[in-house]
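The next block is coords_32.cif, given as mmCIF, C-alpha atoms.
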data_final
loop_
_atom_site.label_atom_id
_atom_site.label_comp_id
_atom_site.auth_asym_id
_atom_site.auth_seq_id
_atom_site.Cartn_x
_atom_site.Cartn_y
_atom_site.Cartn_z
CA MET A 1 2.28 -60.75 9.29
CA LEU A 2 0.96 -57.42 10.40
CA ASP A 3 2.46 -55.62 13.35
CA TRP A 4 -0.70 -55.20 15.41
CA ALA A 5 0.94 -52.88 17.93
CA PHE A 6 1.64 -50.46 15.06
CA VAL A 7 -1.89 -50.86 13.72
CA SER A 8 -3.54 -50.11 17.05
CA HIS A 9 -1.16 -47.25 17.77
CA TYR A 10 -1.81 -45.48 14.48
CA ALA A 11 -5.49 -46.35 14.05
CA PRO A 12 -6.53 -43.04 15.72
CA PHE A 13 -4.61 -41.18 12.99
CA PHE A 14 -6.88 -42.79 10.44
CA VAL A 15 -9.96 -41.87 12.46
CA LYS A 16 -8.77 -38.26 12.28
CA GLY A 17 -8.10 -38.68 8.56
CA ALA A 18 -11.57 -40.16 8.08
CA GLU A 19 -13.03 -37.09 9.81
CA ILE A 20 -11.30 -34.78 7.32
CA THR A 21 -12.35 -37.00 4.40
CA LEU A 22 -15.97 -36.97 5.62
CA ILE A 23 -16.11 -33.24 6.37
CA ILE A 24 -14.69 -32.32 2.96
CA SER A 25 -16.94 -34.87 1.24
CA VAL A 26 -20.13 -33.82 3.02
CA PHE A 27 -19.68 -30.13 2.24
CA GLY A 28 -18.49 -30.93 -1.29
CA ILE A 29 -21.52 -33.16 -1.87
CA ILE A 30 -23.93 -30.53 -0.52
CA LEU A 31 -22.39 -27.97 -2.87
CA ALA A 32 -22.56 -30.50 -5.72
CA VAL A 33 -26.25 -31.26 -5.06
CA VAL A 34 -27.16 -27.56 -4.95
CA THR A 35 -25.16 -26.87 -8.13
CA GLY A 36 -26.71 -29.93 -9.76
CA LEU A 37 -30.26 -28.87 -8.84
CA VAL A 38 -29.73 -25.35 -10.20
CA CYS A 39 -28.15 -26.65 -13.42
CA ALA A 40 -30.80 -29.33 -13.96
CA GLY A 41 -33.52 -26.73 -13.32
CA ILE A 42 -31.98 -24.36 -15.87
CA GLU A 43 -31.71 -27.12 -18.46
CA ILE A 44 -35.24 -28.41 -17.93
CA ALA A 45 -36.75 -24.91 -17.99
CA ARG A 46 -34.66 -24.11 -21.10
CA VAL A 47 -33.56 -20.73 -19.79
CA PRO A 48 -31.76 -19.03 -22.70
CA VAL A 49 -28.09 -18.02 -22.29
CA LEU A 50 -27.88 -19.61 -18.82
CA ARG A 51 -28.55 -22.94 -20.47
CA GLN A 52 -25.52 -22.56 -22.76
CA ILE A 53 -23.38 -21.57 -19.78
CA VAL A 54 -24.55 -24.66 -17.89
CA ARG A 55 -23.71 -26.84 -20.89
CA ILE A 56 -20.18 -25.42 -21.09
CA TYR A 57 -19.72 -25.86 -17.34
CA ILE A 58 -20.90 -29.48 -17.46
CA GLU A 59 -18.55 -30.35 -20.34
CA LEU A 60 -15.58 -28.61 -18.69
CA SER A 61 -16.19 -30.21 -15.33
CA ARG A 62 -16.78 -33.73 -16.65
CA ASN A 63 -13.81 -33.80 -18.98
CA THR A 64 -11.04 -32.63 -16.66
CA PRO A 65 -9.48 -34.40 -13.66
CA LEU A 66 -10.17 -33.23 -10.11
CA LEU A 67 -6.45 -33.04 -9.37
CA VAL A 68 -5.92 -30.42 -12.08
CA GLN A 69 -9.00 -28.51 -10.91
CA LEU A 70 -7.60 -28.50 -7.37
CA TYR A 71 -4.13 -27.39 -8.44
CA PHE A 72 -5.68 -24.59 -10.44
CA LEU A 73 -7.80 -23.47 -7.48
CA TYR A 74 -5.06 -23.87 -4.88
CA PHE A 75 -1.94 -22.69 -6.74
CA GLY A 76 -3.34 -20.77 -9.72
CA LEU A 77 -6.13 -18.61 -8.30
CA PRO A 78 -4.00 -16.82 -5.67
CA LYS A 79 -2.20 -15.17 -8.60
CA LEU A 80 -5.52 -13.51 -9.39
CA GLY A 81 -5.81 -12.40 -5.80
CA VAL A 82 -8.25 -15.15 -4.81
CA VAL A 83 -6.67 -16.92 -1.85
CA TRP A 84 -8.62 -19.86 -0.47
CA SER A 85 -7.57 -22.29 2.22
CA ALA A 86 -6.91 -25.90 1.27
CA GLU A 87 -10.27 -26.89 2.83
CA GLN A 88 -12.14 -24.29 0.80
CA CYS A 89 -10.36 -25.34 -2.39
CA ALA A 90 -11.17 -29.00 -1.74
CA ILE A 91 -14.85 -28.28 -1.12
CA VAL A 92 -15.18 -25.96 -4.10
CA GLY A 93 -13.27 -28.47 -6.26
CA LEU A 94 -15.52 -31.36 -5.25
CA GLY A 95 -18.59 -29.17 -5.74
CA PHE A 96 -17.38 -28.09 -9.18
CA LEU A 97 -16.70 -31.66 -10.23
CA GLY A 98 -19.78 -33.19 -8.60
CA GLY A 99 -22.21 -30.48 -9.71
CA SER A 100 -22.11 -31.63 -13.31
CA TYR A 101 -22.51 -35.30 -12.39
CA MET A 102 -25.45 -34.47 -10.10
CA ALA A 103 -27.03 -32.27 -12.78
CA GLU A 104 -26.88 -35.10 -15.32
CA ALA A 105 -28.37 -37.60 -12.86
CA MET A 106 -31.22 -35.25 -11.88
CA ARG A 107 -31.95 -34.15 -15.44
CA GLY A 108 -32.04 -37.82 -16.43
CA GLY A 109 -34.57 -38.42 -13.66
CA LEU A 110 -36.78 -35.48 -14.61
CA GLU A 111 -36.72 -36.33 -18.30
CA THR A 112 -38.13 -39.81 -17.77
CA ILE A 113 -41.48 -38.29 -16.80
CA PRO A 114 -43.68 -38.15 -19.90
CA GLU A 115 -45.13 -34.80 -20.99
CA VAL A 116 -48.61 -36.38 -20.85
CA GLN A 117 -48.49 -36.42 -17.07
CA ARG A 118 -47.96 -32.68 -16.89
CA GLU A 119 -50.79 -32.13 -19.35
CA SER A 120 -53.08 -34.46 -17.43
CA ALA A 121 -52.27 -32.66 -14.18
CA TYR A 122 -53.12 -29.37 -15.89
CA VAL A 123 -56.44 -30.71 -17.14
CA LEU A 124 -57.23 -32.03 -13.67
CA GLY A 125 -56.82 -28.49 -12.40
CA LEU A 126 -53.56 -28.85 -10.49
CA SER A 127 -51.50 -25.70 -10.14
CA PRO A 128 -47.96 -25.80 -11.57
CA TRP A 129 -46.62 -26.01 -8.01
CA GLN A 130 -48.94 -28.91 -7.13
CA THR A 131 -47.97 -30.67 -10.36
CA LEU A 132 -44.34 -30.32 -9.43
CA SER A 133 -44.64 -31.37 -5.80
CA HIS A 134 -47.25 -34.12 -6.14
CA VAL A 135 -46.64 -35.56 -9.59
CA VAL A 136 -43.23 -34.79 -11.03
CA VAL A 137 -40.83 -34.65 -8.10
CA PRO A 138 -41.86 -37.89 -6.32
CA GLN A 139 -41.29 -39.83 -9.54
CA ALA A 140 -38.14 -37.92 -10.43
CA ILE A 141 -36.67 -38.72 -7.02
CA SER A 142 -37.18 -42.41 -7.56
CA THR A 143 -35.54 -42.36 -11.00
CA SER A 144 -32.68 -40.05 -9.93
CA ILE A 145 -31.70 -41.87 -6.76
CA PRO A 146 -29.46 -44.59 -8.25
CA GLY A 147 -27.48 -41.95 -10.14
CA VAL A 148 -27.25 -39.57 -7.20
CA VAL A 149 -26.11 -42.29 -4.79
CA ALA A 150 -23.49 -43.48 -7.29
CA ASN A 151 -22.26 -39.88 -7.49
CA VAL A 152 -22.07 -39.57 -3.70
CA ILE A 153 -19.83 -42.64 -3.53
CA PHE A 154 -17.84 -41.39 -6.50
CA LEU A 155 -17.25 -38.03 -4.80
CA ILE A 156 -16.14 -39.57 -1.50
CA LYS A 157 -13.67 -41.68 -3.46
CA GLU A 158 -12.51 -38.67 -5.46
CA SER A 159 -11.93 -36.76 -2.21
CA SER A 160 -8.82 -38.95 -1.73
CA VAL A 161 -7.13 -36.56 -4.16
CA VAL A 162 -7.28 -33.65 -1.67
CA SER A 163 -4.24 -35.14 0.06
CA ALA A 164 -2.31 -33.59 -2.85
CA ILE A 165 -3.04 -30.09 -1.54
CA ALA A 166 -1.81 -31.02 1.94
CA LEU A 167 -5.12 -31.87 3.60
CA ALA A 168 -4.61 -34.58 6.20
CA ASP A 169 -7.25 -37.03 4.96
CA VAL A 170 -7.13 -40.84 5.02
CA MET A 171 -4.89 -41.02 1.97
CA TYR A 172 -2.48 -38.49 3.44
CA MET A 173 -2.12 -40.47 6.67
CA ALA A 174 -1.23 -43.63 4.77
CA LYS A 175 1.33 -41.82 2.63
CA ASP A 176 2.83 -40.12 5.66
CA LEU A 177 3.17 -43.30 7.69
CA ILE A 178 4.71 -45.22 4.78
CA GLY A 179 7.17 -42.39 4.30
CA MET A 180 8.09 -42.10 7.97
CA TYR A 181 8.22 -45.67 9.25
CA TYR A 182 8.21 -47.84 6.13
CA ASP A 183 5.48 -49.98 7.74
CA THR A 184 3.87 -50.37 4.35
CA TYR A 185 1.52 -53.29 5.06
CA GLU A 186 0.14 -51.86 8.27
CA SER A 187 -0.46 -48.45 6.69
CA LEU A 188 -2.09 -49.94 3.60
CA PHE A 189 -4.19 -52.25 5.78
CA LEU A 190 -5.44 -49.27 7.80
CA LEU A 191 -6.06 -47.36 4.56
CA ILE A 192 -8.18 -50.15 3.09
CA VAL A 193 -10.11 -50.74 6.32
CA THR A 194 -10.85 -47.03 6.77
CA TYR A 195 -12.21 -46.64 3.25
CA LEU A 196 -14.26 -49.81 3.60
CA VAL A 197 -15.73 -48.56 6.89
CA ILE A 198 -16.69 -45.27 5.26
CA LEU A 199 -17.91 -46.55 1.89
CA LEU A 200 -19.52 -49.94 2.55
CA PRO A 201 -22.38 -48.59 4.73
CA ILE A 202 -23.05 -45.81 2.21
CA SER A 203 -23.10 -48.33 -0.61
CA LEU A 204 -25.56 -50.52 1.32
CA LEU A 205 -27.66 -47.50 2.28
CA GLY A 206 -27.78 -46.59 -1.41
CA THR A 207 -29.12 -50.02 -2.34
CA TRP A 208 -31.74 -49.71 0.40
CA LEU A 209 -32.77 -46.21 -0.72
CA GLU A 210 -33.09 -47.39 -4.30
CA ARG A 211 -35.50 -50.08 -3.21
CA ARG A 212 -37.33 -47.77 -0.82
CA PHE A 213 -38.04 -45.21 -3.55
CA ASP A 214 -38.69 -47.66 -6.34
CA TYR A 215 -42.43 -46.94 -6.44
CA GLU A 216 -42.83 -48.79 -9.71
CA ARG A 217 -41.83 -52.14 -8.33
CA ARG A 218 -43.00 -51.72 -4.77
CA MET B 1 -3.16 -10.18 -18.26
CA SER B 2 0.48 -10.32 -17.31
CA GLY B 3 2.45 -13.49 -17.12
CA ALA B 4 0.86 -15.19 -20.10
CA GLU B 5 4.13 -14.65 -21.97
CA ILE B 6 5.46 -17.71 -20.12
CA LEU B 7 3.54 -19.80 -22.64
CA LEU B 8 5.54 -18.23 -25.46
CA GLU B 9 8.91 -19.06 -23.93
CA PRO B 10 10.69 -21.48 -26.24
CA GLY B 11 10.14 -25.05 -25.21
CA VAL B 12 7.23 -24.52 -22.80
CA ILE B 13 4.38 -25.75 -24.98
CA PRO B 14 6.44 -28.53 -26.67
CA ARG B 15 7.51 -29.82 -23.25
CA LEU B 16 3.94 -29.77 -21.98
CA LEU B 17 2.88 -31.68 -25.08
CA GLN B 18 5.57 -34.27 -24.41
CA GLY B 19 4.18 -34.62 -20.90
CA LEU B 20 0.69 -34.96 -22.31
CA TRP B 21 1.95 -37.72 -24.57
CA VAL B 22 3.08 -39.70 -21.49
CA THR B 23 -0.41 -39.26 -20.03
CA VAL B 24 -2.09 -40.37 -23.24
CA TRP B 25 0.34 -43.27 -23.64
CA ILE B 26 -0.40 -44.64 -20.14
CA ALA B 27 -4.13 -44.29 -20.74
CA GLY B 28 -3.96 -45.82 -24.22
CA VAL B 29 -1.96 -48.86 -23.16
CA SER B 30 -4.26 -49.36 -20.15
CA VAL B 31 -7.42 -49.24 -22.27
CA ALA B 32 -5.93 -51.57 -24.90
CA LEU B 33 -5.01 -54.13 -22.23
CA SER B 34 -8.31 -53.70 -20.35
CA VAL B 35 -10.33 -55.00 -23.28
CA PRO B 36 -8.93 -58.58 -23.32
CA VAL B 37 -8.87 -58.65 -19.49
CA GLY B 38 -12.48 -57.43 -19.44
CA LEU B 39 -13.53 -60.12 -21.91
CA ILE B 40 -11.95 -62.83 -19.77
CA VAL B 41 -13.38 -61.44 -16.52
CA GLY B 42 -16.82 -61.10 -18.09
CA TRP B 43 -16.68 -64.66 -19.34
CA LEU B 44 -15.58 -65.88 -15.88
CA MET B 45 -18.48 -63.98 -14.29
CA THR B 46 -21.03 -65.86 -16.38
CA MET B 47 -19.69 -69.22 -15.21
CA LYS B 48 -21.82 -71.35 -12.93
CA ASN B 49 -18.94 -72.32 -10.62
CA PRO B 50 -19.72 -70.71 -7.22
CA VAL B 51 -16.04 -70.25 -6.30
CA VAL B 52 -15.30 -68.41 -9.55
CA ARG B 53 -18.43 -66.32 -9.08
CA LEU B 54 -17.49 -65.36 -5.53
CA LEU B 55 -13.91 -64.48 -6.45
CA THR B 56 -14.91 -62.33 -9.42
CA ARG B 57 -17.59 -60.67 -7.28
CA ILE B 58 -15.05 -59.78 -4.55
CA TYR B 59 -12.60 -58.55 -7.17
CA LEU B 60 -15.18 -56.31 -8.84
CA ASP B 61 -16.59 -54.91 -5.58
CA PHE B 62 -13.17 -54.24 -4.08
CA ILE B 63 -11.98 -52.38 -7.19
CA ARG B 64 -15.19 -50.38 -7.31
CA ILE B 65 -15.26 -49.33 -3.67
CA MET B 66 -11.60 -48.31 -3.31
CA PRO B 67 -10.51 -44.89 -4.49
CA GLN B 68 -8.18 -45.19 -7.49
CA LEU B 69 -5.48 -43.35 -5.60
CA ALA B 70 -5.64 -45.96 -2.83
CA LEU B 71 -5.34 -48.74 -5.42
CA LEU B 72 -2.31 -47.01 -6.90
CA PHE B 73 -0.70 -46.83 -3.46
CA ILE B 74 -1.41 -50.48 -2.79
CA ALA B 75 0.19 -51.50 -6.08
CA PHE B 76 3.11 -49.10 -5.89
CA TYR B 77 4.11 -49.51 -2.25
CA GLY B 78 2.49 -52.79 -1.27
CA PHE B 79 3.49 -55.07 -4.13
CA ALA B 80 7.07 -53.85 -4.11
CA GLN B 81 7.46 -55.04 -0.55
CA ALA B 82 5.27 -58.13 -0.77
CA TRP B 83 6.89 -59.86 -3.73
CA ASN B 84 9.99 -57.77 -4.15
CA TRP B 85 8.30 -56.71 -7.32
CA ASN B 86 9.91 -53.43 -8.30
CA LEU B 87 7.10 -52.01 -10.31
CA ASP B 88 8.06 -48.51 -11.47
CA ALA B 89 5.47 -45.78 -11.11
CA THR B 90 4.36 -46.00 -14.75
CA GLY B 91 4.06 -49.76 -14.46
CA ALA B 92 2.01 -49.44 -11.27
CA CYS B 93 -0.36 -47.04 -13.04
CA VAL B 94 -0.86 -49.30 -16.04
CA PHE B 95 -1.29 -52.31 -13.74
CA VAL B 96 -3.96 -50.59 -11.61
CA PHE B 97 -5.80 -49.10 -14.57
CA VAL B 98 -5.91 -52.48 -16.32
CA LEU B 99 -7.27 -54.14 -13.15
CA TRP B 100 -9.84 -51.37 -12.84
CA GLY B 101 -10.74 -51.23 -16.53
CA GLY B 102 -10.87 -55.03 -16.67
CA ALA B 103 -13.31 -55.11 -13.75
CA GLU B 104 -15.59 -52.41 -15.16
CA LEU B 105 -15.55 -53.88 -18.68
CA GLY B 106 -15.90 -57.39 -17.27
CA ASP B 107 -19.16 -56.39 -15.61
CA LEU B 108 -20.39 -54.91 -18.89
CA VAL B 109 -19.34 -58.04 -20.81
CA ARG B 110 -21.26 -60.13 -18.28
CA GLY B 111 -24.33 -57.92 -18.76
CA ALA B 112 -23.99 -58.07 -22.54
CA LEU B 113 -23.56 -61.84 -22.59
CA GLU B 114 -26.46 -62.44 -20.21
CA SER B 115 -28.76 -60.15 -22.15
CA ILE B 116 -28.52 -62.31 -25.25
CA PRO B 117 -31.46 -64.72 -25.18
CA LYS B 118 -30.75 -68.41 -24.93
CA ALA B 119 -32.85 -69.00 -28.02
CA GLN B 120 -30.07 -67.47 -30.12
CA TYR B 121 -27.58 -70.09 -28.95
CA GLU B 122 -30.12 -72.82 -29.61
CA SER B 123 -30.99 -71.45 -33.04
CA SER B 124 -27.31 -71.23 -33.96
CA TYR B 125 -26.89 -74.82 -32.86
CA VAL B 126 -29.82 -75.95 -34.95
CA LEU B 127 -28.45 -74.03 -37.94
CA GLY B 128 -25.27 -76.06 -37.61
CA LEU B 129 -22.93 -73.31 -36.35
CA SER B 130 -20.01 -74.43 -34.23
CA GLY B 131 -19.50 -73.00 -30.75
CA TRP B 132 -16.78 -70.70 -32.04
CA GLN B 133 -18.88 -69.55 -35.00
CA THR B 134 -21.83 -68.84 -32.72
CA PHE B 135 -19.61 -66.71 -30.50
CA THR B 136 -17.84 -64.73 -33.25
CA LYS B 137 -20.70 -64.37 -35.74
CA VAL B 138 -23.76 -64.10 -33.51
CA ILE B 139 -22.94 -63.20 -29.93
CA LEU B 140 -19.87 -60.98 -30.25
CA PRO B 141 -21.29 -58.47 -32.78
CA GLN B 142 -24.23 -57.82 -30.48
CA ALA B 143 -22.12 -57.67 -27.35
CA LEU B 144 -19.65 -55.25 -28.98
CA ARG B 145 -22.39 -52.73 -29.68
CA ARG B 146 -22.98 -52.44 -25.98
CA LEU B 147 -19.29 -52.54 -25.12
CA LEU B 148 -17.87 -49.98 -27.51
CA PRO B 149 -19.58 -46.86 -26.09
CA ALA B 150 -18.74 -48.03 -22.57
CA SER B 151 -15.11 -48.64 -23.52
CA VAL B 152 -14.81 -45.13 -24.95
CA ASN B 153 -16.33 -43.78 -21.74
CA LEU B 154 -13.90 -45.81 -19.70
CA ALA B 155 -11.05 -44.40 -21.81
CA THR B 156 -12.13 -40.88 -20.81
CA ARG B 157 -12.20 -41.87 -17.15
CA ILE B 158 -8.78 -43.52 -17.42
CA VAL B 159 -7.27 -40.43 -19.10
CA LYS B 160 -8.60 -38.30 -16.24
CA THR B 161 -7.37 -40.72 -13.61
CA THR B 162 -3.93 -40.76 -15.22
CA SER B 163 -3.47 -37.35 -13.61
CA LEU B 164 -2.92 -39.23 -10.33
CA ALA B 165 0.30 -40.68 -11.78
CA VAL B 166 2.06 -37.46 -10.79
CA LEU B 167 1.47 -38.34 -7.12
CA LEU B 168 3.53 -41.52 -7.61
CA GLY B 169 6.29 -39.55 -9.32
CA VAL B 170 5.62 -40.19 -13.00
CA VAL B 171 6.90 -37.29 -15.11
CA GLU B 172 3.76 -36.56 -17.07
CA VAL B 173 2.03 -33.34 -18.06
CA ILE B 174 1.38 -32.05 -14.52
CA LYS B 175 4.92 -32.78 -13.36
CA VAL B 176 6.36 -31.07 -16.44
CA GLY B 177 4.09 -28.11 -15.69
CA GLN B 178 5.39 -27.94 -12.10
CA GLN B 179 8.98 -28.03 -13.37
CA ILE B 180 8.29 -25.16 -15.76
CA ILE B 181 6.59 -23.18 -12.98
CA ASP B 182 9.49 -23.73 -10.60
CA ALA B 183 12.12 -22.88 -13.21
CA ASN B 184 10.40 -19.58 -14.02
CA ARG B 185 9.31 -18.71 -10.50
CA PHE B 186 11.16 -15.33 -10.46
CA GLN B 187 10.75 -14.37 -14.08
CA TYR B 188 7.04 -15.16 -14.25
CA PRO B 189 5.52 -15.13 -10.75
CA THR B 190 2.00 -15.63 -12.15
CA GLY B 191 3.08 -18.53 -14.37
CA THR B 192 1.24 -20.98 -12.09
CA LEU B 193 -2.12 -19.70 -13.21
CA TRP B 194 -1.29 -20.00 -16.91
CA ILE B 195 0.46 -23.35 -16.82
CA TYR B 196 -2.29 -25.02 -14.80
CA GLY B 197 -4.85 -23.32 -17.02
CA VAL B 198 -3.20 -24.79 -20.11
CA ILE B 199 -2.99 -28.25 -18.51
CA PHE B 200 -6.68 -28.01 -17.64
CA LEU B 201 -7.46 -27.22 -21.28
CA MET B 202 -5.16 -29.99 -22.54
CA TYR B 203 -7.07 -32.58 -20.53
CA PHE B 204 -10.31 -31.13 -21.83
CA ILE B 205 -9.12 -31.28 -25.44
CA VAL B 206 -8.20 -34.96 -25.03
CA CYS B 207 -11.31 -36.04 -23.12
CA TRP B 208 -14.05 -34.00 -24.72
CA PRO B 209 -13.92 -35.64 -28.18
CA LEU B 210 -13.95 -39.05 -26.48
CA SER B 211 -17.08 -38.09 -24.52
CA ILE B 212 -18.78 -36.92 -27.70
CA VAL B 213 -17.90 -40.15 -29.55
CA ALA B 214 -19.22 -42.22 -26.62
CA ARG B 215 -22.47 -40.26 -26.57
CA ARG B 216 -22.95 -40.61 -30.35
CA LEU B 217 -22.32 -44.35 -30.27
CA GLU B 218 -24.72 -44.76 -27.37
CA LYS B 219 -27.45 -42.88 -29.18
CA ARG B 220 -26.94 -44.68 -32.46
CA TRP B 221 -27.11 -48.17 -31.02
CA LYS B 222 -29.68 -47.49 -28.36
CA HIS B 223 -32.63 -48.83 -30.32
CA ASP B 224 -31.04 -51.93 -31.80
#
How would this structure read if it were set down as structure tokens?
Amino acid sequence: MLDWAFVSHYAPFFVKGAEITLIISVFGIILAVVTGLVCAGIEIARVPVLRQIVRIYIELSRNTPLLVQLYFLYFGLPKLGVVWSAEQCAIVGLGFLGGSYMAEAMRGGLETIPEVQRESAYVLGLSPWQTLSHVVVPQAISTSIPGVVANVIFLIKESSVVSAIALADVMYMAKDLIGMYYDTYESLFLLIVTYLVILLPISLLGTWLERRFDYERR
Amino acid sequence: MSGAEILLEPGVIPRLLQGLWVTVWIAGVSVALSVPVGLIVGWLMTMKNPVVRLLTRIYLDFIRIMPQLALLFIAFYGFAQAWNWNLDATGACVFVFVLWGGAELGDLVRGALESIPKAQYESSYVLGLSGWQTFTKVILPQALRRLLPASVNLATRIVKTTSLAVLLGVVEVIKVGQQIIDANRFQYPTGTLWIYGVIFLMYFIVCWPLSIVARRLEKRWKHD
């Protein structure tokens, strides 16, 4: 059975760890969304040169593990004179990884809108800006949301890797406690509960958002 | 750029490639074992039995919501203590990846099986096909077309996730890289940059072709 005294004594450690996990994730996700928007915009607008760069970035980011990206940022870059703190590396790493996933989700959403709609909007006398804000974006949001929410959950899960560059997140706490006290069950129990507390509400919120923005079926 | 000579030191690249082989081996074995597990899980998920449904649902949701690193920790540290099951780090990785791959593929198998209209089963029956013939000649070929691209995709994800094995102490490509960096710390102070750069590229070279194959297969079978 679990040693509840241990669990209650070390639960605050996991709250602290959850804070780090959430802070890193939130900033990483914001960076990923911004990167994704810029990349999706460049791809949709077919900007020459930039478009090829975006393609290369997306392939590089999607086909390499976050851990290697982080090690490169944290241990490799200082040799070039770029010294970032572990927090900065974690956020940049998550942004680098997530940016490509977000870009693909958003591009997918934008591409589902038929060309005819843009032409119709033009004929009806809507300005390009009006077309974008009243016709294209509302629909694109609804088709992008499932992908974007899945990416948010994916990135929070991926953030568990930042413990490898000595950030005291949830994963780090569990590893530390197992190493120090050998109370494996209690530490793993706290680890599971903490991740469930963070991820379950987001997962449910995602399902709700999907339904809320599903204009087609509503 | 100074320091790149570290890559030309005898043994550096061959050792990294050996490490990469460990990575690819873990991923390959996991994918190969995930396919039968996924087929069984998928079949279980289509069953009417509410208990089976609930259990497979919990299994799938738990695997999906937990970070892979947490799952690895649970298997590596938890199981050893719970059942005195001394799973080595490589074993723990394969075990977790098969559970994960089995769950993801199982859900796809369920989707593939449920998408095949009932009329096909009835028609096969009328045509005199046995249950087994219906499954292997009618249902499976259609289901496989949906499964193959997804399996290739999953393989890419598993290769990437194999990088976490280093955190359990498996001597794979990253660990080998760290050893090389540490051994040459004084001779090549900037070796870190180059070794991690090469490892980054190695992962890319393994995963990129897989992504392309998955994309091609998806496109080709999209309209069937």
When the PyMOL selection byres ((chain A and resi 177-180) around 12) is applied to the structure above, which residues does it catch, written out as a CSV table (one decimal) with C-alpha atoms, keeping the file's coordinate frame?
chain,number,residue,atom,x,y,z
A,6,PHE,CA,1.6,-50.5,15.1
A,7,VAL,CA,-1.9,-50.9,13.7
A,9,HIS,CA,-1.2,-47.2,17.8
A,10,TYR,CA,-1.8,-45.5,14.5
A,11,ALA,CA,-5.5,-46.4,14.0
A,13,PHE,CA,-4.6,-41.2,13.0
A,14,PHE,CA,-6.9,-42.8,10.4
A,168,ALA,CA,-4.6,-34.6,6.2
A,170,VAL,CA,-7.1,-40.8,5.0
A,171,MET,CA,-4.9,-41.0,2.0
A,172,TYR,CA,-2.5,-38.5,3.4
A,173,MET,CA,-2.1,-40.5,6.7
A,174,ALA,CA,-1.2,-43.6,4.8
A,175,LYS,CA,1.3,-41.8,2.6
A,176,ASP,CA,2.8,-40.1,5.7
A,181,TYR,CA,8.2,-45.7,9.2
A,182,TYR,CA,8.2,-47.8,6.1
A,183,ASP,CA,5.5,-50.0,7.7
A,184,THR,CA,3.9,-50.4,4.4
A,185,TYR,CA,1.5,-53.3,5.1
A,186,GLU,CA,0.1,-51.9,8.3
A,187,SER,CA,-0.5,-48.4,6.7
A,188,LEU,CA,-2.1,-49.9,3.6
A,189,PHE,CA,-4.2,-52.2,5.8
A,190,LEU,CA,-5.4,-49.3,7.8
A,191,LEU,CA,-6.1,-47.4,4.6
B,73,PHE,CA,-0.7,-46.8,-3.5
B,74,ILE,CA,-1.4,-50.5,-2.8
B,76,PHE,CA,3.1,-49.1,-5.9
B,77,TYR,CA,4.1,-49.5,-2.2
B,78,GLY,CA,2.5,-52.8,-1.3
B,81,GLN,CA,7.5,-55.0,-0.6
Kindly determine which residues of chain B lie within 6 Å of chain A, considering all atoms listed in the file, and give the answer as a ChimeraX atom specification. /B:67,160,190,192-193,196,203-204,207-208
Between A:Val82, A:Val193, A:Val54, A:Leu167, which has the minimum distance to A:Phe96 (counting all atoms listed in the file)? A:Val54
Check which residues satisfy the PyMOL selection byres ((chain A and resi 99) around 12) in the file shown, then give them as an mmCIF file with C-alpha atoms, keeping the file's coordinate frame.
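part17.cif, freshly written:
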data_model
loop_
_atom_site.group_PDB
_atom_site.id
_atom_site.type_symbol
_atom_site.label_atom_id
_atom_site.label_comp_id
_atom_site.auth_asym_id
_atom_site.auth_seq_id
_atom_site.Cartn_x
_atom_site.Cartn_y
_atom_site.Cartn_z
ATOM 1 C CA GLY A 28 -18.490 -30.930 -1.290
ATOM 2 C CA ILE A 29 -21.520 -33.160 -1.870
ATOM 3 C CA ILE A 30 -23.930 -30.530 -0.520
ATOM 4 C CA LEU A 31 -22.390 -27.970 -2.870
ATOM 5 C CA ALA A 32 -22.560 -30.500 -5.720
ATOM 6 C CA VAL A 33 -26.250 -31.260 -5.060
ATOM 7 C CA VAL A 34 -27.160 -27.560 -4.950
ATOM 8 C CA THR A 35 -25.160 -26.870 -8.130
ATOM 9 C CA GLY A 36 -26.710 -29.930 -9.760
ATOM 10 C CA LEU A 37 -30.260 -28.870 -8.840
ATOM 11 C CA VAL A 38 -29.730 -25.350 -10.200
ATOM 12 C CA CYS A 39 -28.150 -26.650 -13.420
ATOM 13 C CA ALA A 40 -30.800 -29.330 -13.960
ATOM 14 C CA VAL A 54 -24.550 -24.660 -17.890
ATOM 15 C CA ARG A 55 -23.710 -26.840 -20.890
ATOM 16 C CA TYR A 57 -19.720 -25.860 -17.340
ATOM 17 C CA ILE A 58 -20.900 -29.480 -17.460
ATOM 18 C CA GLU A 59 -18.550 -30.350 -20.340
ATOM 19 C CA LEU A 60 -15.580 -28.610 -18.690
ATOM 20 C CA SER A 61 -16.190 -30.210 -15.330
ATOM 21 C CA ARG A 62 -16.780 -33.730 -16.650
ATOM 22 C CA ILE A 91 -14.850 -28.280 -1.120
ATOM 23 C CA VAL A 92 -15.180 -25.960 -4.100
ATOM 24 C CA GLY A 93 -13.270 -28.470 -6.260
ATOM 25 C CA LEU A 94 -15.520 -31.360 -5.250
ATOM 26 C CA GLY A 95 -18.590 -29.170 -5.740
ATOM 27 C CA PHE A 96 -17.380 -28.090 -9.180
ATOM 28 C CA LEU A 97 -16.700 -31.660 -10.230
ATOM 29 C CA GLY A 98 -19.780 -33.190 -8.600
ATOM 30 C CA SER A 100 -22.110 -31.630 -13.310
ATOM 31 C CA TYR A 101 -22.510 -35.300 -12.390
ATOM 32 C CA MET A 102 -25.450 -34.470 -10.100
ATOM 33 C CA ALA A 103 -27.030 -32.270 -12.780
ATOM 34 C CA GLU A 104 -26.880 -35.100 -15.320
ATOM 35 C CA ALA A 105 -28.370 -37.600 -12.860
ATOM 36 C CA MET A 106 -31.220 -35.250 -11.880
ATOM 37 C CA ARG A 107 -31.950 -34.150 -15.440
ATOM 38 C CA VAL A 148 -27.250 -39.570 -7.200
ATOM 39 C CA ASN A 151 -22.260 -39.880 -7.490
ATOM 40 C CA VAL A 152 -22.070 -39.570 -3.700
ATOM 41 C CA LEU A 155 -17.250 -38.030 -4.800
#
